[in-house]
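Visitor: I'm passing along work-v1.cif; it holds mmCIF, C-alpha atoms; chains and numbers go by the auth columns.
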data_start
loop_
_atom_site.group_PDB
_atom_site.id
_atom_site.type_symbol
_atom_site.label_atom_id
_atom_site.label_comp_id
_atom_site.label_asym_id
_atom_site.label_seq_id
_atom_site.Cartn_x
_atom_site.Cartn_y
_atom_site.Cartn_z
_atom_site.B_iso_or_equiv
_atom_site.auth_seq_id
_atom_site.auth_asym_id
ATOM 1 C CA MET A 1 0.000 0.000 0.000 0.00 1 O
ATOM 2 C CA SER A 2 1.213 3.456 -0.895 0.00 2 O
ATOM 3 C CA GLY A 3 2.180 5.791 1.914 0.00 3 O
ATOM 4 C CA PHE A 4 1.003 8.684 -0.263 0.00 4 O
ATOM 5 C CA THR A 5 -2.700 9.493 -0.105 0.00 5 O
ATOM 6 C CA VAL A 6 -4.788 11.759 -2.318 0.00 6 O
ATOM 7 C CA THR A 7 -7.986 13.100 -0.782 0.00 7 O
ATOM 8 C CA ILE A 8 -10.654 15.233 -2.476 0.00 8 O
ATOM 9 C CA LYS A 9 -13.244 17.112 -0.441 0.00 9 O
ATOM 10 C CA ASP A 10 -16.308 18.999 -1.698 0.00 10 O
ATOM 11 C CA LEU A 11 -14.712 19.636 -5.087 0.00 11 O
ATOM 12 C CA ARG A 12 -16.455 21.509 -7.886 0.00 12 O
ATOM 13 C CA PHE A 13 -15.020 22.327 -11.302 0.00 13 O
ATOM 14 C CA LYS A 14 -16.610 23.853 -14.387 0.00 14 O
ATOM 15 C CA TYR A 15 -14.934 24.777 -17.660 0.00 15 O
ATOM 16 C CA ALA A 16 -15.108 28.337 -18.909 0.00 16 O
ATOM 17 C CA ASP A 17 -17.540 28.929 -21.781 0.00 17 O
ATOM 18 C CA ARG A 18 -14.680 29.356 -24.251 0.00 18 O
ATOM 19 C CA TYR A 19 -14.057 25.596 -23.995 0.00 19 O
ATOM 20 C CA ARG A 20 -17.638 24.972 -25.161 0.00 20 O
ATOM 21 C CA ARG A 21 -18.282 22.660 -22.234 0.00 21 O
ATOM 22 C CA SER A 22 -20.473 25.087 -20.321 0.00 22 O
ATOM 23 C CA ASN A 23 -22.914 22.329 -19.319 0.00 23 O
ATOM 24 C CA PHE A 24 -20.215 20.131 -17.789 0.00 24 O
ATOM 25 C CA GLU A 25 -19.517 20.281 -14.064 0.00 25 O
ATOM 26 C CA LEU A 26 -17.350 17.872 -12.112 0.00 26 O
ATOM 27 C CA VAL A 27 -18.658 17.205 -8.607 0.00 27 O
ATOM 28 C CA VAL A 28 -16.686 15.092 -6.123 0.00 28 O
ATOM 29 C CA ASP A 29 -17.841 15.286 -2.509 0.00 29 O
ATOM 30 C CA ASN A 30 -15.423 12.835 -0.930 0.00 30 O
ATOM 31 C CA PHE A 31 -12.765 10.676 -2.561 0.00 31 O
ATOM 32 C CA THR A 32 -9.645 9.175 -1.002 0.00 32 O
ATOM 33 C CA THR A 33 -7.175 6.905 -2.716 0.00 33 O
ATOM 34 C CA SER A 34 -3.773 5.386 -2.173 0.00 34 O
ATOM 35 C CA GLY A 35 -2.128 2.365 -3.741 0.00 35 O
ATOM 36 C CA CYS A 36 -3.439 1.804 -7.281 0.00 36 O
ATOM 37 C CA ALA A 37 -6.836 3.123 -8.341 0.00 37 O
ATOM 38 C CA ALA A 38 -8.484 3.314 -11.747 0.00 38 O
ATOM 39 C CA VAL A 39 -11.109 5.791 -12.925 0.00 39 O
ATOM 40 C CA MET A 40 -13.185 4.461 -15.792 0.00 40 O
ATOM 41 C CA GLY A 41 -16.159 5.714 -17.789 0.00 41 O
ATOM 42 C CA GLU A 42 -17.290 6.905 -21.194 0.00 42 O
ATOM 43 C CA ASN A 43 -15.600 9.732 -23.074 0.00 43 O
ATOM 44 C CA GLY A 44 -16.631 13.053 -21.560 0.00 44 O
ATOM 45 C CA SER A 45 -17.452 11.547 -18.176 0.00 45 O
ATOM 46 C CA GLY A 46 -14.832 13.653 -16.380 0.00 46 O
ATOM 47 C CA LYS A 47 -11.949 11.194 -15.993 0.00 47 O
ATOM 48 C CA THR A 48 -9.253 13.376 -17.536 0.00 48 O
ATOM 49 C CA THR A 49 -10.552 16.469 -15.748 0.00 49 O
ATOM 50 C CA LEU A 50 -10.302 14.626 -12.436 0.00 50 O
ATOM 51 C CA GLY A 51 -6.759 13.499 -13.205 0.00 51 O
ATOM 52 C CA LYS A 52 -5.673 17.050 -14.016 0.00 52 O
ATOM 53 C CA LEU A 53 -7.212 18.323 -10.787 0.00 53 O
ATOM 54 C CA VAL A 54 -5.360 15.656 -8.810 0.00 54 O
ATOM 55 C CA ALA A 55 -2.101 16.624 -10.540 0.00 55 O
ATOM 56 C CA GLY A 56 -2.621 20.345 -9.956 0.00 56 O
ATOM 57 C CA ILE A 57 -2.834 21.132 -13.686 0.00 57 O
ATOM 58 C CA LEU A 58 -6.367 22.438 -13.150 0.00 58 O
ATOM 59 C CA ARG A 59 -7.546 24.240 -10.017 0.00 59 O
ATOM 60 C CA PRO A 60 -11.056 23.691 -8.618 0.00 60 O
ATOM 61 C CA ALA A 61 -13.574 26.496 -8.360 0.00 61 O
ATOM 62 C CA PHE A 62 -14.492 25.156 -4.943 0.00 62 O
ATOM 63 C CA GLY A 63 -13.215 22.441 -2.635 0.00 63 O
ATOM 64 C CA CYS A 64 -9.805 20.964 -1.921 0.00 64 O
ATOM 65 C CA VAL A 65 -7.323 18.361 -3.093 0.00 65 O
ATOM 66 C CA PHE A 66 -4.915 17.084 -0.453 0.00 66 O
ATOM 67 C CA TYR A 67 -1.592 15.272 -0.771 0.00 67 O
ATOM 68 C CA ASN A 68 -1.522 13.481 2.545 0.00 68 O
ATOM 69 C CA ASP A 69 -2.415 16.410 4.858 0.00 69 O
ATOM 70 C CA ALA A 70 -1.282 19.252 2.552 0.00 70 O
ATOM 71 C CA ASP A 71 -3.866 21.263 0.609 0.00 71 O
ATOM 72 C CA ILE A 72 -2.292 21.616 -2.847 0.00 72 O
ATOM 73 C CA ALA A 73 -3.684 25.144 -3.095 0.00 73 O
ATOM 74 C CA THR A 74 -0.909 26.055 -0.640 0.00 74 O
ATOM 75 C CA LEU A 75 1.829 24.382 -2.729 0.00 75 O
ATOM 76 C CA SER A 76 3.858 25.881 -5.559 0.00 76 O
ATOM 77 C CA LEU A 77 3.895 24.216 -8.972 0.00 77 O
ATOM 78 C CA GLY A 78 7.434 23.051 -8.224 0.00 78 O
ATOM 79 C CA GLU A 79 6.341 21.444 -4.957 0.00 79 O
ATOM 80 C CA ILE A 80 3.462 19.721 -6.724 0.00 80 O
ATOM 81 C CA GLY A 81 5.723 18.534 -9.547 0.00 81 O
ATOM 82 C CA ARG A 82 8.185 16.977 -7.111 0.00 82 O
ATOM 83 C CA GLN A 83 5.410 14.821 -5.682 0.00 83 O
ATOM 84 C CA VAL A 84 3.049 13.987 -8.528 0.00 84 O
ATOM 85 C CA GLY A 85 3.829 12.940 -12.083 0.00 85 O
ATOM 86 C CA TYR A 86 1.322 13.171 -14.924 0.00 86 O
ATOM 87 C CA LEU A 87 1.073 11.396 -18.270 0.00 87 O
ATOM 88 C CA PHE A 88 -1.041 13.255 -20.825 0.00 88 O
ATOM 89 C CA GLN A 89 -3.415 11.296 -23.036 0.00 89 O
ATOM 90 C CA GLU A 90 -1.575 12.730 -26.046 0.00 90 O
ATOM 91 C CA PRO A 91 2.185 12.199 -25.422 0.00 91 O
ATOM 92 C CA SER A 92 3.255 14.829 -27.955 0.00 92 O
ATOM 93 C CA ARG A 93 1.962 17.489 -25.548 0.00 93 O
ATOM 94 C CA GLN A 94 4.686 16.764 -22.993 0.00 94 O
ATOM 95 C CA ILE A 95 7.718 15.976 -25.149 0.00 95 O
ATOM 96 C CA PHE A 96 9.933 19.027 -25.646 0.00 96 O
ATOM 97 C CA ALA A 97 13.540 17.947 -26.185 0.00 97 O
ATOM 98 C CA PRO A 98 14.796 17.246 -29.731 0.00 98 O
ATOM 99 C CA LYS A 99 16.102 13.760 -28.843 0.00 99 O
ATOM 100 C CA PRO A 100 14.796 11.003 -26.532 0.00 100 O
ATOM 101 C CA LEU A 101 17.929 10.800 -24.377 0.00 101 O
ATOM 102 C CA GLU A 102 17.748 14.557 -23.772 0.00 102 O
ATOM 103 C CA GLU A 103 14.028 14.365 -22.975 0.00 103 O
ATOM 104 C CA ILE A 104 14.707 12.101 -19.996 0.00 104 O
ATOM 105 C CA ALA A 105 18.026 13.602 -18.888 0.00 105 O
ATOM 106 C CA MET A 106 16.971 17.266 -19.033 0.00 106 O
ATOM 107 C CA PRO A 107 14.704 17.364 -15.927 0.00 107 O
ATOM 108 C CA LEU A 108 17.327 15.479 -13.924 0.00 108 O
ATOM 109 C CA GLU A 109 19.932 18.086 -14.870 0.00 109 O
ATOM 110 C CA LEU A 110 17.508 20.887 -13.958 0.00 110 O
ATOM 111 C CA ARG A 111 17.355 19.390 -10.485 0.00 111 O
ATOM 112 C CA GLY A 112 21.117 19.569 -10.206 0.00 112 O
ATOM 113 C CA MET A 113 22.222 16.106 -11.294 0.00 113 O
ATOM 114 C CA PRO A 114 25.577 16.072 -13.157 0.00 114 O
ATOM 115 C CA LYS A 115 25.133 15.649 -16.911 0.00 115 O
ATOM 116 C CA GLU A 116 26.999 12.333 -17.108 0.00 116 O
ATOM 117 C CA GLU A 117 24.918 10.782 -14.327 0.00 117 O
ATOM 118 C CA ALA A 118 21.691 12.145 -15.842 0.00 118 O
ATOM 119 C CA ASN A 119 22.573 10.631 -19.211 0.00 119 O
ATOM 120 C CA GLU A 120 23.304 7.272 -17.570 0.00 120 O
ATOM 121 C CA LYS A 121 19.916 7.232 -15.840 0.00 121 O
ATOM 122 C CA ALA A 122 18.215 8.333 -19.047 0.00 122 O
ATOM 123 C CA ALA A 123 19.892 5.500 -20.945 0.00 123 O
ATOM 124 C CA GLU A 124 18.693 3.018 -18.306 0.00 124 O
ATOM 125 C CA MET A 125 15.098 4.202 -18.723 0.00 125 O
ATOM 126 C CA LEU A 126 15.340 4.017 -22.506 0.00 126 O
ATOM 127 C CA GLU A 127 16.551 0.436 -22.235 0.00 127 O
ATOM 128 C CA LYS A 128 13.782 -0.479 -19.791 0.00 128 O
ATOM 129 C CA PHE A 129 11.163 0.730 -22.253 0.00 129 O
ATOM 130 C CA GLU A 130 12.925 -0.756 -25.292 0.00 130 O
ATOM 131 C CA LEU A 131 13.794 2.646 -26.749 0.00 131 O
ATOM 132 C CA SER A 132 17.601 2.455 -26.780 0.00 132 O
ATOM 133 C CA HIS A 133 17.649 2.135 -30.544 0.00 133 O
ATOM 134 C CA ILE A 134 16.049 5.565 -30.996 0.00 134 O
ATOM 135 C CA LYS A 135 17.904 7.502 -28.282 0.00 135 O
ATOM 136 C CA GLU A 136 19.442 9.871 -30.866 0.00 136 O
ATOM 137 C CA SER A 137 16.392 10.057 -33.144 0.00 137 O
ATOM 138 C CA VAL A 138 14.400 13.251 -33.576 0.00 138 O
ATOM 139 C CA THR A 139 11.488 13.045 -31.157 0.00 139 O
ATOM 140 C CA PHE A 140 8.802 14.420 -33.501 0.00 140 O
ATOM 141 C CA THR A 141 9.513 11.582 -35.976 0.00 141 O
ATOM 142 C CA LEU A 142 8.745 8.844 -33.425 0.00 142 O
ATOM 143 C CA SER A 143 5.633 6.687 -33.698 0.00 143 O
ATOM 144 C CA ARG A 144 2.783 7.296 -31.264 0.00 144 O
ATOM 145 C CA GLY A 145 3.697 4.180 -29.310 0.00 145 O
ATOM 146 C CA GLU A 146 7.324 5.305 -29.046 0.00 146 O
ATOM 147 C CA LYS A 147 6.246 8.761 -27.897 0.00 147 O
ATOM 148 C CA GLN A 148 3.959 7.163 -25.317 0.00 148 O
ATOM 149 C CA ARG A 149 6.769 5.049 -23.888 0.00 149 O
ATOM 150 C CA LEU A 150 9.159 8.015 -23.924 0.00 150 O
ATOM 151 C CA ALA A 151 6.696 10.222 -22.046 0.00 151 O
ATOM 152 C CA ILE A 152 6.163 7.508 -19.433 0.00 152 O
ATOM 153 C CA ALA A 153 9.920 6.982 -19.042 0.00 153 O
ATOM 154 C CA ALA A 154 10.526 10.730 -18.674 0.00 154 O
ATOM 155 C CA ALA A 155 7.868 10.999 -15.963 0.00 155 O
ATOM 156 C CA MET A 156 8.985 7.894 -14.084 0.00 156 O
ATOM 157 C CA VAL A 157 12.673 8.843 -13.977 0.00 157 O
ATOM 158 C CA MET A 158 11.703 11.673 -11.607 0.00 158 O
ATOM 159 C CA GLN A 159 10.471 9.083 -9.076 0.00 159 O
ATOM 160 C CA PRO A 160 7.169 10.784 -8.192 0.00 160 O
ATOM 161 C CA LYS A 161 5.331 9.793 -5.025 0.00 161 O
ATOM 162 C CA TYR A 162 2.120 9.605 -7.019 0.00 162 O
ATOM 163 C CA PHE A 163 1.609 9.049 -10.737 0.00 163 O
ATOM 164 C CA VAL A 164 -1.501 9.959 -12.764 0.00 164 O
ATOM 165 C CA LEU A 165 -1.582 8.154 -16.120 0.00 165 O
ATOM 166 C CA ASP A 166 -4.199 9.107 -18.710 0.00 166 O
ATOM 167 C CA GLU A 167 -4.787 6.188 -21.108 0.00 167 O
ATOM 168 C CA PRO A 168 -1.224 4.860 -20.673 0.00 168 O
ATOM 169 C CA THR A 169 -1.632 1.760 -22.866 0.00 169 O
ATOM 170 C CA THR A 170 -2.657 3.575 -26.053 0.00 170 O
ATOM 171 C CA GLY A 171 -0.245 2.545 -28.801 0.00 171 O
ATOM 172 C CA LEU A 172 1.355 -0.236 -26.728 0.00 172 O
ATOM 173 C CA ASP A 173 1.300 -3.863 -27.816 0.00 173 O
ATOM 174 C CA LYS A 174 0.670 -6.743 -25.405 0.00 174 O
ATOM 175 C CA ALA A 175 4.331 -7.246 -24.484 0.00 175 O
ATOM 176 C CA ARG A 176 4.918 -3.558 -23.776 0.00 176 O
ATOM 177 C CA ARG A 177 1.718 -3.301 -21.755 0.00 177 O
ATOM 178 C CA GLN A 178 3.137 -6.070 -19.604 0.00 178 O
ATOM 179 C CA ILE A 179 6.477 -4.245 -19.258 0.00 179 O
ATOM 180 C CA LEU A 180 4.625 -1.106 -18.162 0.00 180 O
ATOM 181 C CA ALA A 181 2.527 -3.042 -15.648 0.00 181 O
ATOM 182 C CA ASP A 182 5.570 -4.797 -14.201 0.00 182 O
ATOM 183 C CA THR A 183 7.448 -1.489 -13.860 0.00 183 O
ATOM 184 C CA LEU A 184 4.515 0.275 -12.220 0.00 184 O
ATOM 185 C CA LYS A 185 4.063 -2.603 -9.781 0.00 185 O
ATOM 186 C CA ILE A 186 7.711 -2.339 -8.708 0.00 186 O
ATOM 187 C CA LEU A 187 7.303 1.399 -8.097 0.00 187 O
ATOM 188 C CA GLN A 188 4.037 0.787 -6.273 0.00 188 O
ATOM 189 C CA ALA A 189 5.768 -1.727 -4.010 0.00 189 O
ATOM 190 C CA ASP A 190 8.301 1.006 -3.226 0.00 190 O
ATOM 191 C CA GLY A 191 5.454 3.285 -2.083 0.00 191 O
ATOM 192 C CA MET A 192 4.330 5.152 -5.201 0.00 192 O
ATOM 193 C CA GLY A 193 0.584 5.708 -5.565 0.00 193 O
ATOM 194 C CA ILE A 194 -1.031 5.333 -8.996 0.00 194 O
ATOM 195 C CA LEU A 195 -4.180 6.729 -10.592 0.00 195 O
ATOM 196 C CA LEU A 196 -5.059 5.110 -13.915 0.00 196 O
ATOM 197 C CA ILE A 197 -7.487 6.862 -16.247 0.00 197 O
ATOM 198 C CA SER A 198 -8.320 4.160 -18.720 0.00 198 O
ATOM 199 C CA HIS A 199 -10.736 2.297 -20.968 0.00 199 O
ATOM 200 C CA ASP A 200 -8.396 -0.713 -20.896 0.00 200 O
ATOM 201 C CA MET A 201 -10.045 -3.093 -18.422 0.00 201 O
ATOM 202 C CA GLY A 202 -7.454 -5.782 -19.122 0.00 202 O
ATOM 203 C CA PHE A 203 -4.634 -3.478 -18.026 0.00 203 O
ATOM 204 C CA VAL A 204 -6.614 -2.262 -15.006 0.00 204 O
ATOM 205 C CA GLU A 205 -7.102 -5.892 -13.931 0.00 205 O
ATOM 206 C CA MET A 206 -3.427 -6.601 -14.616 0.00 206 O
ATOM 207 C CA MET A 207 -2.566 -3.803 -12.167 0.00 207 O
ATOM 208 C CA GLY A 208 -5.025 -5.043 -9.557 0.00 208 O
ATOM 209 C CA ALA A 209 -6.455 -1.523 -9.359 0.00 209 O
ATOM 210 C CA THR A 210 -9.476 -0.482 -7.326 0.00 210 O
ATOM 211 C CA VAL A 211 -12.036 0.625 -9.927 0.00 211 O
ATOM 212 C CA HIS A 212 -14.136 3.789 -9.681 0.00 212 O
ATOM 213 C CA GLN A 213 -16.716 4.600 -12.363 0.00 213 O
ATOM 214 C CA MET A 214 -17.525 8.135 -13.515 0.00 214 O
ATOM 215 C CA LYS A 215 -20.524 9.408 -15.438 0.00 215 O
ATOM 216 C CA GLY A 216 -21.481 12.999 -16.127 0.00 216 O
ATOM 217 C CA GLY A 217 -18.745 14.409 -13.917 0.00 217 O
ATOM 218 C CA ARG A 218 -19.699 12.316 -10.881 0.00 218 O
ATOM 219 C CA PHE A 219 -18.676 9.029 -9.369 0.00 219 O
ATOM 220 C CA VAL A 220 -21.281 6.278 -9.715 0.00 220 O
ATOM 221 C CA ASP A 221 -21.482 2.752 -8.419 0.00 221 O
ATOM 222 C CA ALA A 222 -19.383 0.311 -10.507 0.00 222 O
#
Let me see the structure of the file written as structure tokens.

Guide:
Amino acid sequence: MSGFTVTIKDLRFKYADRYRRSNFELVVDNFTTSGCAAVMGENGSGKTTLGKLVAGILRPAFGCVFYNDADIATLSLGEIGRQVGYLFQEPSRQIFAPKPLEEIAMPLELRGMPKEEANEKAAEMLEKFELSHIKESVTFTLSRGEKQRLAIAAAMVMQPKYFVLDEPTTGLDKARRQILADTLKILQADGMGILLISHDMGFVEMMGATVHQMKGGRFVDA
């Protein structure tokens, strides 16, 4: 069981009219999770919105999100980022470096790690996700599956205490889904909490996740 707990209390979130989702409102009265949890539901049910609120990417109009006992409204973006990692549904949105090795090494260097050590750790992550052969490729030329694995590797190298993954198996074949599950289970055993946003019931079962269903911006009985 993870020692890191996410708790949501009396949360309300509504998109601004410019997003053309003026009728959508996410309402979560009480939700607490640690270990591995999965949020499932139809497209537009609020899963991704919830994940972004948990990760501090979106801020609620009302209510609170807590990391253990800390209200994240009191934390800086840097403090949030050191605790919670986030995988976007579209990996291209979070890949910035021109080459895969640099994509993983760069955040380590920004935290003060010597370049040689950062490159070594980046190379280890590339090997773990079977990406060593493209470490010097141009990132925008990678396939969607390669970008997905690179984004996961770049997030995991930072060793977050909690990891929100939005549709992490998109573009992954059966063998690589298993590699991802095995890696996440190791990190979970070391104390990392996981929130899976997914339509992939097979992967959710593989992870042994506690399942929560969403519909219309609210949790419903599974």

Visitor: Check which residues satisfy the PyMOL selection byres ((chain O and resi 137) around 12) in the file shown, then give them as a compact mmCIF listing (two decimals) with C-alpha atoms, keeping the file's coordinate frame.

Guide:
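Listing of result.txt after writing:
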# COMPACT_ATOMS: atom_id res chain seq x y z
CA ALA O 97 13.54 17.95 -26.18
CA PRO O 98 14.80 17.25 -29.73
CA LYS O 99 16.10 13.76 -28.84
CA PRO O 100 14.80 11.00 -26.53
CA LEU O 101 17.93 10.80 -24.38
CA GLU O 102 17.75 14.56 -23.77
CA GLU O 103 14.03 14.36 -22.98
CA LEU O 131 13.79 2.65 -26.75
CA SER O 132 17.60 2.46 -26.78
CA HIS O 133 17.65 2.13 -30.54
CA ILE O 134 16.05 5.56 -31.00
CA LYS O 135 17.90 7.50 -28.28
CA GLU O 136 19.44 9.87 -30.87
CA VAL O 138 14.40 13.25 -33.58
CA THR O 139 11.49 13.04 -31.16
CA PHE O 140 8.80 14.42 -33.50
CA THR O 141 9.51 11.58 -35.98
CA LEU O 142 8.74 8.84 -33.42
CA SER O 143 5.63 6.69 -33.70
CA GLU O 146 7.32 5.30 -29.05
CA LYS O 147 6.25 8.76 -27.90
CA LEU O 150 9.16 8.02 -23.92

Visitor: Choose the residue, out of O:Gly145, O:Gly51, O:Phe62, O:Gly171, that has the smallest atom-to-atom separation from O:Val39; count only C-alpha atoms.

Guide: O:Gly51

Visitor: Can you tell me how far atom CA of O:Phe163 sits from atom CA of O:Glu117, in Å to one decimal?

Guide: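 Interatomic distance here is 23.6 Å.
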
Visitor: What lies within 8 Å of O:Phe219 using only C-alpha atoms, ignoring chain neighbours under 6 positions off, as a list in words?

Guide: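 Contacts, with the query itself left out: Val28, His212 and Gln213 of chain O.
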
Visitor: Excluding same-chain residues fewer than 5 positions from O:Val204, what lies within 10 Å of it counting all atoms listed in the file, as JSON, numbers by chain?

Guide: {"O": [36, 37, 38, 39, 40, 181, 196, 197, 198, 199, 209, 210, 211]}

Visitor: What does the structure give for the distance between atom CA of O:Ala70 and atom CA of O:Leu58, in Å to one decimal?

Guide: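 Straight-line distance from atom CA of O:Ala70 to atom CA of O:Leu58 works out to 16.8 Å.
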
Visitor: If you measure from atom CA of O:Phe66 to atom CA of O:Asp200, what distance in Å do you get, rounded to one decimal?

Guide: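 Separating atom CA of O:Phe66 from atom CA of O:Asp200 is a distance of 27.3 Å.
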
Visitor: I want to know what sits within 7 Å of O:Gly217, based on only C-alpha atoms, with residues of the same chain fewer than 6 positions away left out; could you give that as a list in words?

Guide: Glu25, Leu26, Val27, Ser45 and Gly46 of chain O

Visitor: Apply the PyMOL selection byres ((chain O and resi 83) around 10) to the file shown and report the selected residues as a PyMOL selection string.

Guide: chain O and resi 4+55+67+78-82+84-85+158-163+192
